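Asker: CSV, C-alpha atoms, file run_19.csv:
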chain,number,residue,atom,x,y,z
A,1,MET,CA,-81.6,-38.4,4.3
A,2,MET,CA,-79.9,-38.6,0.8
A,3,GLU,CA,-77.2,-36.2,1.9
A,4,THR,CA,-76.4,-38.4,4.9
A,5,GLU,CA,-76.1,-41.5,2.8
A,6,ASN,CA,-73.9,-39.7,0.3
A,7,ALA,CA,-71.7,-38.5,3.1
A,8,LEU,CA,-71.4,-42.0,4.5
A,9,ASP,CA,-70.5,-43.4,1.1
A,10,GLU,CA,-67.8,-40.7,0.7
A,11,ASP,CA,-66.4,-41.6,4.1
A,12,VAL,CA,-66.3,-45.3,3.2
A,13,ASN,CA,-64.7,-44.6,-0.1
A,14,SER,CA,-62.1,-42.3,1.4
A,15,GLY,CA,-61.3,-44.9,4.1
A,16,ALA,CA,-61.0,-47.7,1.6
A,17,SER,CA,-58.7,-45.5,-0.6
A,18,LEU,CA,-56.6,-44.6,2.4
A,19,ALA,CA,-56.3,-48.3,3.5
A,20,ALA,CA,-55.3,-49.2,-0.1
A,21,ARG,CA,-52.7,-46.5,-0.1
A,22,VAL,CA,-51.2,-47.6,3.2
A,23,MET,CA,-51.1,-51.2,2.1
A,24,ASN,CA,-49.5,-50.2,-1.2
A,25,THR,CA,-46.9,-48.2,0.7
A,26,LEU,CA,-46.2,-51.1,3.1
A,27,LEU,CA,-46.0,-53.7,0.3
A,28,LYS,CA,-43.9,-51.7,-2.1
A,29,PRO,CA,-40.5,-52.9,-0.7
A,30,PHE,CA,-41.7,-56.5,-0.8
A,31,ARG,CA,-42.8,-56.1,-4.4
A,32,LEU,CA,-39.3,-54.9,-5.2
A,33,LEU,CA,-37.9,-58.0,-3.5
A,34,VAL,CA,-40.0,-60.4,-5.7
A,35,SER,CA,-39.6,-58.4,-8.9
A,36,LYS,CA,-38.1,-60.0,-12.1
A,37,ASN,CA,-34.8,-58.1,-11.7
A,38,ALA,CA,-34.6,-59.2,-8.0
A,39,LEU,CA,-35.3,-62.9,-8.9
A,40,ARG,CA,-32.6,-62.7,-11.6
A,41,ALA,CA,-30.2,-61.3,-9.0
A,42,TYR,CA,-31.1,-64.1,-6.6
A,43,LEU,CA,-30.5,-66.7,-9.2
A,44,GLY,CA,-27.1,-65.2,-10.1
A,45,THR,CA,-26.0,-64.9,-6.5
A,46,PHE,CA,-27.1,-68.5,-5.9
A,47,LEU,CA,-25.1,-69.8,-8.9
A,48,PHE,CA,-22.1,-67.7,-7.9
A,49,LEU,CA,-22.1,-69.0,-4.3
A,50,THR,CA,-22.6,-72.6,-5.4
A,51,THR,CA,-19.8,-72.3,-7.8
A,52,ALA,CA,-17.5,-70.7,-5.2
A,53,ILE,CA,-18.2,-73.4,-2.6
A,54,PHE,CA,-17.7,-76.1,-5.2
A,55,MET,CA,-14.4,-74.6,-6.3
A,56,VAL,CA,-13.2,-74.4,-2.7
A,57,PHE,CA,-13.4,-78.2,-2.5
A,58,VAL,CA,-11.9,-78.6,-5.9
A,59,SER,CA,-9.0,-76.4,-4.9
A,60,VAL,CA,-8.3,-78.3,-1.7
A,61,ILE,CA,-8.3,-81.6,-3.5
A,62,ALA,CA,-6.1,-80.2,-6.3
A,63,TYR,CA,-3.6,-78.9,-3.8
A,64,GLY,CA,-3.5,-82.3,-2.0
A,65,ILE,CA,-2.8,-84.1,-5.3
A,66,PHE,CA,-0.2,-81.5,-6.3
A,67,TYR,CA,1.5,-81.8,-2.8
A,68,TYR,CA,1.5,-85.6,-3.0
A,69,LYS,CA,3.0,-85.6,-6.5
A,70,PHE,CA,5.5,-82.7,-6.1
A,71,ILE,CA,6.9,-83.5,-2.6
A,72,PRO,CA,8.7,-86.8,-2.5
A,73,GLN,CA,9.0,-89.1,0.4
A,74,VAL,CA,11.0,-87.5,3.1
A,75,GLY,CA,12.8,-90.5,4.4
A,76,VAL,CA,13.5,-93.8,2.7
A,77,GLU,CA,14.9,-96.6,4.8
A,78,ARG,CA,15.9,-100.1,3.9
A,79,ILE,CA,17.1,-102.9,6.2
A,80,VAL,CA,20.2,-104.8,4.8
A,81,HIS,CA,20.5,-108.4,5.8
A,82,LEU,CA,24.3,-109.0,5.9
A,83,GLN,CA,25.7,-112.3,4.7
A,84,PHE,CA,28.6,-113.8,6.7
A,85,GLY,CA,31.0,-116.7,6.1
A,86,ASP,CA,32.0,-115.8,2.6
A,87,GLY,CA,34.6,-113.1,2.8
A,88,HIS,CA,33.5,-109.7,4.1
A,89,PRO,CA,30.0,-109.3,5.3
A,90,TRP,CA,27.7,-108.0,2.6
A,91,GLY,CA,24.0,-107.4,1.8
A,92,VAL,CA,21.7,-106.2,-0.9
A,93,ALA,CA,18.4,-104.3,-0.6
A,94,THR,CA,15.9,-103.1,-3.2
A,95,LEU,CA,14.7,-99.5,-3.5
A,96,ASP,CA,11.8,-99.8,-6.1
A,97,SER,CA,10.5,-96.4,-7.1
A,98,SER,CA,10.9,-94.7,-3.8
A,99,LEU,CA,13.5,-92.1,-5.0
A,100,VAL,CA,12.8,-89.4,-7.5
A,101,SER,CA,15.0,-87.6,-10.0
A,102,LEU,CA,16.3,-84.0,-9.6
A,103,GLN,CA,16.1,-84.2,-5.8
A,104,THR,CA,19.1,-84.1,-3.5
A,105,TYR,CA,19.5,-86.8,-0.8
A,106,ASN,CA,21.8,-87.4,2.1
A,107,VAL,CA,22.6,-91.1,2.5
A,108,TYR,CA,23.4,-92.7,5.9
A,109,VAL,CA,24.3,-96.2,7.1
A,110,GLU,CA,23.1,-97.1,10.6
A,111,LEU,CA,24.8,-100.0,12.4
A,112,GLU,CA,23.9,-101.5,15.7
A,113,LEU,CA,27.0,-103.2,17.1
A,114,PRO,CA,27.5,-105.1,20.4
A,115,ARG,CA,30.4,-104.0,22.6
A,116,THR,CA,32.1,-107.3,22.3
A,117,PRO,CA,35.9,-107.7,22.8
A,118,SER,CA,36.3,-108.5,19.0
A,119,ASN,CA,34.4,-105.4,17.9
A,120,LEU,CA,36.4,-103.3,20.3
A,121,ALA,CA,39.6,-104.8,19.1
A,122,ALA,CA,38.7,-104.3,15.4
A,123,GLY,CA,39.2,-100.5,15.7
A,124,ASN,CA,38.5,-98.8,12.5
A,125,PHE,CA,36.6,-100.6,9.8
A,126,MET,CA,35.3,-99.7,6.3
A,127,LEU,CA,31.8,-99.4,5.0
A,128,ASP,CA,31.3,-99.7,1.2
A,129,LEU,CA,28.0,-98.6,-0.2
A,130,THR,CA,27.1,-98.9,-3.9
A,131,LEU,CA,23.8,-97.7,-5.6
A,132,LEU,CA,22.9,-99.9,-8.6
A,133,SER,CA,20.6,-99.1,-11.5
A,134,GLN,CA,17.8,-101.3,-12.8
A,135,PRO,CA,19.2,-104.4,-14.6
A,136,SER,CA,19.0,-104.0,-18.4
A,137,THR,CA,17.9,-106.7,-20.8
A,138,SER,CA,20.4,-108.0,-23.4
A,139,ALA,CA,19.3,-107.5,-27.0
A,140,ARG,CA,21.0,-110.7,-28.1
A,141,THR,CA,20.1,-113.2,-25.4
A,142,GLY,CA,17.0,-111.5,-24.0
A,143,GLU,CA,18.3,-112.1,-20.4
A,144,ASN,CA,18.9,-109.6,-17.7
A,145,THR,CA,22.5,-108.4,-17.4
A,146,SER,CA,24.2,-107.1,-14.3
A,147,ALA,CA,23.2,-103.6,-13.2
A,148,HIS,CA,25.8,-100.8,-13.4
A,149,SER,CA,26.8,-98.6,-10.6
A,150,ILE,CA,25.2,-95.1,-10.3
A,151,SER,CA,27.1,-93.9,-7.2
A,152,ARG,CA,29.6,-95.4,-4.8
A,153,SER,CA,31.1,-94.3,-1.5
A,154,ARG,CA,33.5,-95.7,1.1
A,155,ARG,CA,33.6,-94.4,4.7
A,156,SER,CA,35.4,-95.5,7.9
A,157,ALA,CA,33.7,-96.0,11.3
A,158,MET,CA,34.6,-97.4,14.8
A,159,LEU,CA,33.0,-97.9,18.1
A,160,SER,CA,33.4,-95.2,20.7
A,161,TYR,CA,36.2,-95.7,23.2
A,162,ALA,CA,35.6,-95.9,26.9
A,163,SER,CA,38.3,-96.5,29.6
A,164,PRO,CA,37.9,-99.6,31.8
A,165,LEU,CA,36.8,-97.5,34.9
A,166,VAL,CA,34.1,-95.6,32.9
A,167,ASP,CA,33.0,-98.8,31.3
A,168,ILE,CA,32.6,-100.6,34.6
A,169,SER,CA,30.8,-97.6,36.2
A,170,SER,CA,28.3,-97.3,33.4
A,171,LYS,CA,27.6,-101.0,33.5
A,172,ILE,CA,27.0,-100.9,37.3
A,173,SER,CA,24.6,-97.9,37.0
A,174,LEU,CA,22.6,-99.6,34.2
A,175,MET,CA,22.6,-103.0,35.8
A,176,PRO,CA,18.9,-103.0,36.7
A,177,LEU,CA,18.0,-102.1,33.1
A,178,TYR,CA,20.2,-104.9,31.8
A,179,ILE,CA,18.6,-107.4,34.1
A,180,LEU,CA,15.0,-106.4,33.1
A,181,GLY,CA,15.9,-106.4,29.4
A,182,TRP,CA,15.2,-102.7,28.9
A,183,GLN,CA,18.8,-102.0,27.9
A,184,ARG,CA,21.5,-104.0,26.2
A,185,GLU,CA,25.2,-103.6,25.8
A,186,ALA,CA,25.2,-102.2,22.2
A,187,GLU,CA,26.1,-99.1,20.4
A,188,ARG,CA,24.3,-97.5,17.5
A,189,LEU,CA,26.6,-96.0,14.8
A,190,VAL,CA,25.3,-93.5,12.2
A,191,VAL,CA,27.7,-92.9,9.3
A,192,GLN,CA,27.0,-90.4,6.6
A,193,MET,CA,28.0,-92.1,3.3
A,194,MET,CA,26.8,-89.5,0.6
A,195,GLU,CA,26.0,-85.8,0.8
A,196,GLN,CA,23.5,-84.0,-1.6
A,197,VAL,CA,23.5,-86.7,-4.2
A,198,GLU,CA,21.2,-86.0,-7.1
A,199,PHE,CA,19.9,-88.3,-9.8
A,200,SER,CA,19.3,-87.3,-13.4
A,201,ARG,CA,16.1,-87.8,-15.3
A,202,GLY,CA,15.2,-91.2,-16.6
A,203,ALA,CA,14.5,-94.6,-15.1
A,204,GLN,CA,18.0,-95.8,-15.9
A,205,ASN,CA,19.5,-93.0,-13.8
A,206,LEU,CA,17.5,-93.8,-10.6
A,207,PRO,CA,18.9,-96.5,-8.3
A,208,ASN,CA,16.9,-99.7,-8.1
A,209,SER,CA,18.9,-101.5,-5.5
A,210,LEU,CA,21.9,-101.0,-3.2
A,211,ARG,CA,24.8,-103.2,-1.9
A,212,LEU,CA,26.5,-102.7,1.4
A,213,GLU,CA,29.8,-104.3,2.5
A,214,LEU,CA,31.7,-104.2,5.8
A,215,HIS,CA,35.5,-104.5,5.6
A,216,SER,CA,37.4,-105.2,8.7
A,217,ARG,CA,40.7,-106.9,9.7
A,218,LYS,CA,38.9,-108.9,12.3
A,219,GLU,CA,35.5,-110.7,12.3
A,220,MET,CA,32.8,-108.4,13.6
A,221,GLN,CA,29.4,-109.0,15.1
A,222,VAL,CA,26.4,-106.9,13.9
A,223,TYR,CA,22.9,-106.7,15.3
A,224,GLN,CA,21.3,-104.7,12.5
A,225,ALA,CA,22.3,-102.8,9.4
A,226,LYS,CA,20.2,-100.1,7.8
A,227,VAL,CA,20.6,-97.6,4.9
A,228,ALA,CA,18.6,-94.4,5.1
A,229,PHE,CA,18.0,-91.7,2.5
A,230,ARG,CA,17.2,-88.3,3.9
A,231,THR,CA,15.6,-85.8,1.6
A,232,LYS,CA,17.2,-82.3,1.4
A,233,PHE,CA,14.6,-79.9,0.1
A,234,THR,CA,15.4,-76.7,-1.7
A,235,GLY,CA,13.4,-74.0,-3.4
A,236,LEU,CA,9.7,-74.4,-3.7
A,237,ARG,CA,9.7,-77.9,-2.1
A,238,TRP,CA,11.5,-76.5,1.0
A,239,ILE,CA,8.8,-73.8,1.3
A,240,MET,CA,5.9,-76.2,0.8
A,241,TYR,CA,7.3,-78.7,3.3
A,242,ASN,CA,8.5,-76.4,6.1
A,243,TRP,CA,5.5,-73.9,5.7
A,244,ARG,CA,2.7,-76.3,5.1
A,245,ILE,CA,-0.2,-74.4,6.4
A,246,THR,CA,0.8,-71.1,4.8
A,247,SER,CA,1.5,-72.9,1.5
A,248,PHE,CA,-1.8,-74.6,1.7
A,249,PHE,CA,-3.8,-71.4,2.0
A,250,ILE,CA,-1.7,-69.5,-0.6
A,251,PHE,CA,-1.8,-72.2,-3.3
A,252,SER,CA,-5.4,-73.1,-2.6
A,253,PHE,CA,-6.5,-69.5,-2.8
A,254,THR,CA,-4.5,-69.0,-6.0
A,255,PHE,CA,-6.1,-72.1,-7.6
A,256,TRP,CA,-9.6,-71.0,-6.4
A,257,SER,CA,-9.1,-67.5,-7.8
A,258,VAL,CA,-8.0,-68.8,-11.2
A,259,SER,CA,-11.0,-71.2,-11.3
A,260,MET,CA,-13.5,-68.5,-10.3
A,261,ILE,CA,-12.1,-66.1,-13.0
A,262,SER,CA,-12.3,-68.8,-15.6
A,263,ALA,CA,-15.9,-69.8,-14.5
A,264,SER,CA,-17.0,-66.1,-14.5
A,265,LEU,CA,-15.6,-65.6,-18.0
A,266,ALA,CA,-17.4,-68.7,-19.2
A,267,PHE,CA,-20.7,-67.6,-17.7
A,268,LEU,CA,-20.3,-64.1,-19.2
A,269,PHE,CA,-19.6,-65.6,-22.6
A,270,LEU,CA,-22.7,-67.8,-22.4
A,271,ALA,CA,-24.9,-64.9,-21.2
A,272,VAL,CA,-23.7,-62.7,-24.1
A,273,SER,CA,-24.3,-65.5,-26.6
A,274,PHE,CA,-27.8,-66.3,-25.4
A,275,SER,CA,-28.8,-62.6,-25.1
A,276,GLY,CA,-27.5,-62.0,-28.6
A,277,ARG,CA,-29.7,-64.7,-30.0
A,278,GLN,CA,-32.8,-63.4,-28.2
A,279,GLU,CA,-32.2,-59.8,-29.5
A,280,GLU,CA,-32.0,-60.8,-33.1
A,281,PRO,CA,-34.5,-58.7,-35.2
A,282,ALA,CA,-37.5,-60.6,-36.3
A,283,GLU,CA,-37.9,-61.0,-40.1
A,284,ILE,CA,-40.5,-58.7,-41.6
A,285,LYS,CA,-42.8,-60.5,-44.0
A,286,VAL,CA,-43.2,-58.4,-47.2
A,287,GLU,CA,-46.4,-59.1,-49.0
A,288,ASP,CA,-47.2,-58.3,-52.6
A,289,ARG,CA,-49.5,-55.3,-52.7
A,290,ASN,CA,-50.8,-56.4,-56.2
A,291,SER,CA,-52.1,-59.6,-54.9
A,292,THR,CA,-55.1,-58.2,-52.9
A,293,PRO,CA,-57.2,-60.9,-51.3
A,294,ILE,CA,-60.8,-61.2,-52.5
A,295,LYS,CA,-63.3,-61.0,-49.8
A,296,LYS,CA,-66.1,-63.5,-50.2
A,297,GLU,CA,-69.5,-62.3,-49.1
A,298,PRO,CA,-72.3,-64.7,-48.0
A,299,PHE,CA,-75.0,-65.5,-50.5
A,300,ASP,CA,-78.1,-63.6,-49.8
A,301,GLY,CA,-80.2,-64.6,-52.8
A,302,PRO,CA,-83.4,-66.6,-52.7
A,303,THR,CA,-83.3,-69.9,-51.1
A,304,PRO,CA,-83.4,-72.8,-53.5
A,305,HIS,CA,-86.8,-74.3,-54.2
A,306,PRO,CA,-87.4,-77.5,-52.2
A,307,GLU,CA,-88.8,-79.3,-55.1
A,308,ARG,CA,-85.6,-79.1,-57.2
A,309,SER,CA,-84.5,-82.3,-58.7
A,310,SER,CA,-81.6,-84.2,-57.2
A,311,THR,CA,-79.9,-84.1,-60.5
A,312,GLU,CA,-79.8,-80.3,-60.5
A,313,SER,CA,-78.7,-80.2,-56.9
A,314,ASP,CA,-75.8,-82.6,-57.7
A,315,SER,CA,-74.8,-80.5,-60.7
A,316,ASP,CA,-74.9,-77.3,-58.7
A,317,SER,CA,-72.9,-78.8,-55.9
A,318,SER,CA,-70.3,-80.2,-58.3
A,319,ASP,CA,-70.0,-76.7,-60.0
A,320,ASP,CA,-69.6,-75.1,-56.6
A,321,GLN,CA,-66.8,-77.5,-55.7
A,322,ARG,CA,-64.8,-76.7,-58.8
A,323,PRO,CA,-61.8,-74.5,-58.0
A,324,GLY,CA,-61.7,-71.1,-59.6
A,325,PRO,CA,-62.2,-67.4,-58.8
A,326,PRO,CA,-65.7,-66.4,-57.7
A,327,ILE,CA,-67.8,-65.0,-60.6
A,328,LYS,CA,-70.0,-62.0,-59.9
A,329,LYS,CA,-73.4,-62.4,-61.6
A,330,GLU,CA,-75.0,-59.2,-62.9
A,331,PRO,CA,-78.8,-58.7,-62.9
A,332,ASP,CA,-80.7,-59.1,-66.1
A,333,ASP,CA,-81.3,-56.1,-68.3
A,334,ALA,CA,-85.1,-56.5,-68.3
A,335,ALA,CA,-85.1,-56.4,-64.5
A,336,ASP,CA,-82.9,-53.3,-64.5
A,337,ASP,CA,-85.2,-51.5,-67.0
A,338,GLU,CA,-88.2,-52.3,-64.9
A,339,LEU,CA,-86.5,-51.1,-61.8
A,340,ARG,CA,-85.6,-47.8,-63.4
A,341,HIS,CA,-89.2,-47.3,-64.6
A,342,LEU,CA,-90.4,-47.8,-61.1
A,343,LEU,CA,-87.9,-45.4,-59.7
A,344,ASP,CA,-88.7,-42.7,-62.3
A,345,HIS,CA,-92.4,-42.8,-61.3
A,346,ASP,CA,-91.7,-43.2,-57.6
A,347,ILE,CA,-93.7,-46.4,-57.4
A,348,GLU,CA,-93.0,-48.8,-54.6
A,349,PRO,CA,-93.0,-52.5,-55.5
A,350,SER,CA,-95.8,-54.3,-53.8
A,351,ALA,CA,-95.7,-57.8,-52.6
A,352,GLY,CA,-99.2,-58.4,-53.8
A,353,ALA,CA,-101.5,-61.1,-52.5
A,354,GLY,CA,-100.1,-63.7,-50.4
A,355,ALA,CA,-97.4,-61.4,-49.0
A,356,GLY,CA,-95.2,-63.0,-46.4
A,357,THR,CA,-94.5,-66.1,-48.3
A,358,GLY,CA,-90.9,-67.1,-48.9
A,359,THR,CA,-90.9,-66.7,-52.7
A,360,GLU,CA,-92.5,-63.2,-52.8
A,361,SER,CA,-90.4,-61.8,-50.0
A,362,ALA,CA,-87.2,-63.1,-51.7
A,363,GLY,CA,-88.3,-61.3,-54.9
A,364,ALA,CA,-88.9,-58.1,-53.0
A,365,LEU,CA,-85.5,-58.3,-51.4
A,366,GLY,CA,-83.9,-58.9,-54.8
A,367,ILE,CA,-85.7,-55.8,-56.3
A,368,GLN,CA,-84.5,-53.7,-53.3
A,369,ARG,CA,-80.9,-54.8,-53.9
A,370,ARG,CA,-81.1,-53.9,-57.6
A,371,ARG,CA,-82.5,-50.6,-56.6
A,372,SER,CA,-79.6,-49.8,-54.2
A,373,HIS,CA,-77.2,-51.0,-56.9
A,374,LEU,CA,-78.6,-48.7,-59.5
A,375,PHE,CA,-78.7,-45.8,-57.1
A,376,LYS,CA,-74.9,-46.2,-56.5
A,377,GLU,CA,-74.2,-46.4,-60.2
A,378,GLU,CA,-76.1,-43.2,-60.9
A,379,HIS,CA,-74.3,-41.3,-58.2
A,380,SER,CA,-70.9,-42.7,-59.2
Before we go any further, please render this structure as structure tokens.
Answerer:
Amino acid sequence: MMETENALDEDVNSGASLAARVMNTLLKPFRLLVSKNALRAYLGTFLFLTTAIFMVFVSVIAYGIFYYKFIPQVGVERIVHLQFGDGHPWGVATLDSSLVSLQTYNVYVELELPRTPSNLAAGNFMLDLTLLSQPSTSARTGENTSAHSISRSRRSAMLSYASPLVDISSKISLMPLYILGWQREAERLVVQMMEQVEFSRGAQNLPNSLRLELHSRKEMQVYQAKVAFRTKFTGLRWIMYNWRITSFFIFSFTFWSVSMISASLAFLFLAVSFSGRQEEPAEIKVEDRNSTPIKKEPFDGPTPHPERSSTESDSDSSDDQRPGPPIKKEPDDAADDELRHLLDHDIEPSAGAGAGTGTESAGALGIQRRRSHLFKEEHS
């Protein structure tokens, strides 16, 4: 019967150990996943991914700001309201800060002219365009003086010629549009006034306004006059403007790479700094061997008599409270001699009548201590 129970216990123990071994094998990969090194790797990966995603947004915003600041406005147009009745028609328009320095421009004048007999009879006429700087302030009077000319150009223009037969045929074919108001008898002239004009650095070298004049031998009628600045990009600006998507990815990736390298170096420097502080050797406290601490043993002597006066108790307590090294009290010489006599004759001290009382037992204990003390002195 006992053997059967032992066999059952061994089977149970072996089964439990096998189950524990299987569970340990199954949980071993998961323990590696939640180990301290794995958690540290998770934290580092999370910080890296968070920084990378944040730097992607920063790179996109930075490229947008750079593109807005570096690429000027492609086209700048200003409508010129011509003034008639006082000599040649003329008009002035302001440019503000639309133009930038060190950028080439092509300047055009666009005129919308009706095909009236006087305009057709005018033939060639002249266009005079002047770019003016910002008016300066006089140092003496404190008033604005006239602006000086930065650039000036004169070009000729004329309406396109059409024979009477062609003119009548085109009017007949476009008659429904003329009637509905979807077309009118006018011609749009585009005259290039300046080519690849570039302005130097400085606010005084950028045009702040323009003046347009129309010179003709006969009076002319004008629907609308406009001056347009067309930007002519070169170098990096040409690449960024004509290859916008490619430039976006290249410059954004470059900015992101530089940002990630800088952030990685910063994290590495901080990690080395903190690890260096943690690995500093601890200071070893050196104690003076000569100053050996004195071990205080509890007092095992006879208990004080309950009938002691309060004056003696107060004096003893005041003496105990006084600072100073503990003083070892040696036994009296008479007690030592008596103890040696008893030891020499192998006589055991008896407690006598009334043994078991507090005073006699305390005396016996004191004699036993003196006996052990003397025994140690003789052997030493």
Asker: Could you work out how far CA of Val190 in chain A lies from CA of Val166 in chain A, giving the answer in Å with one decimal?
Answerer: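 According to the coordinates, CA of Val166 in chain A and CA of Val190 in chain A are separated by 22.6 Å.
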Asker: Within 7 Å of Phe125 in chain A, counting all atoms listed in the file, which residues show up once you throw out same-chain ones fewer than 6 positions away? Write them as a PyMOL selection string, please.
Answerer: chain A and resi 156-158+215-216
Asker: If you measure from CA of Thr50 in chain A to CA of Ser252 in chain A, what distance in Å do you get, rounded to one decimal?
Answerer: 17.4 Å
Asker: Quick check, in Å to one decimal: how far apart do CA of Val58 in chain A and CA of Val258 in chain A lie?
Answerer: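 Here the two named atoms are 11.8 Å from each other.
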Asker: Calculated over all atoms listed in the file, which of the candidates A:Ala93, A:Leu165, A:Leu206, A:Val100 has the smallest distance to Lys69 in chain A?
Answerer: A:Val100
Asker: Find the residues around Ala122 in chain A up to 8 Å (all atoms listed in the file counted), leave out those fewer than 5 positions away in its own chain, and share them as a ChimeraX atom specification.
Answerer: /A:216-220
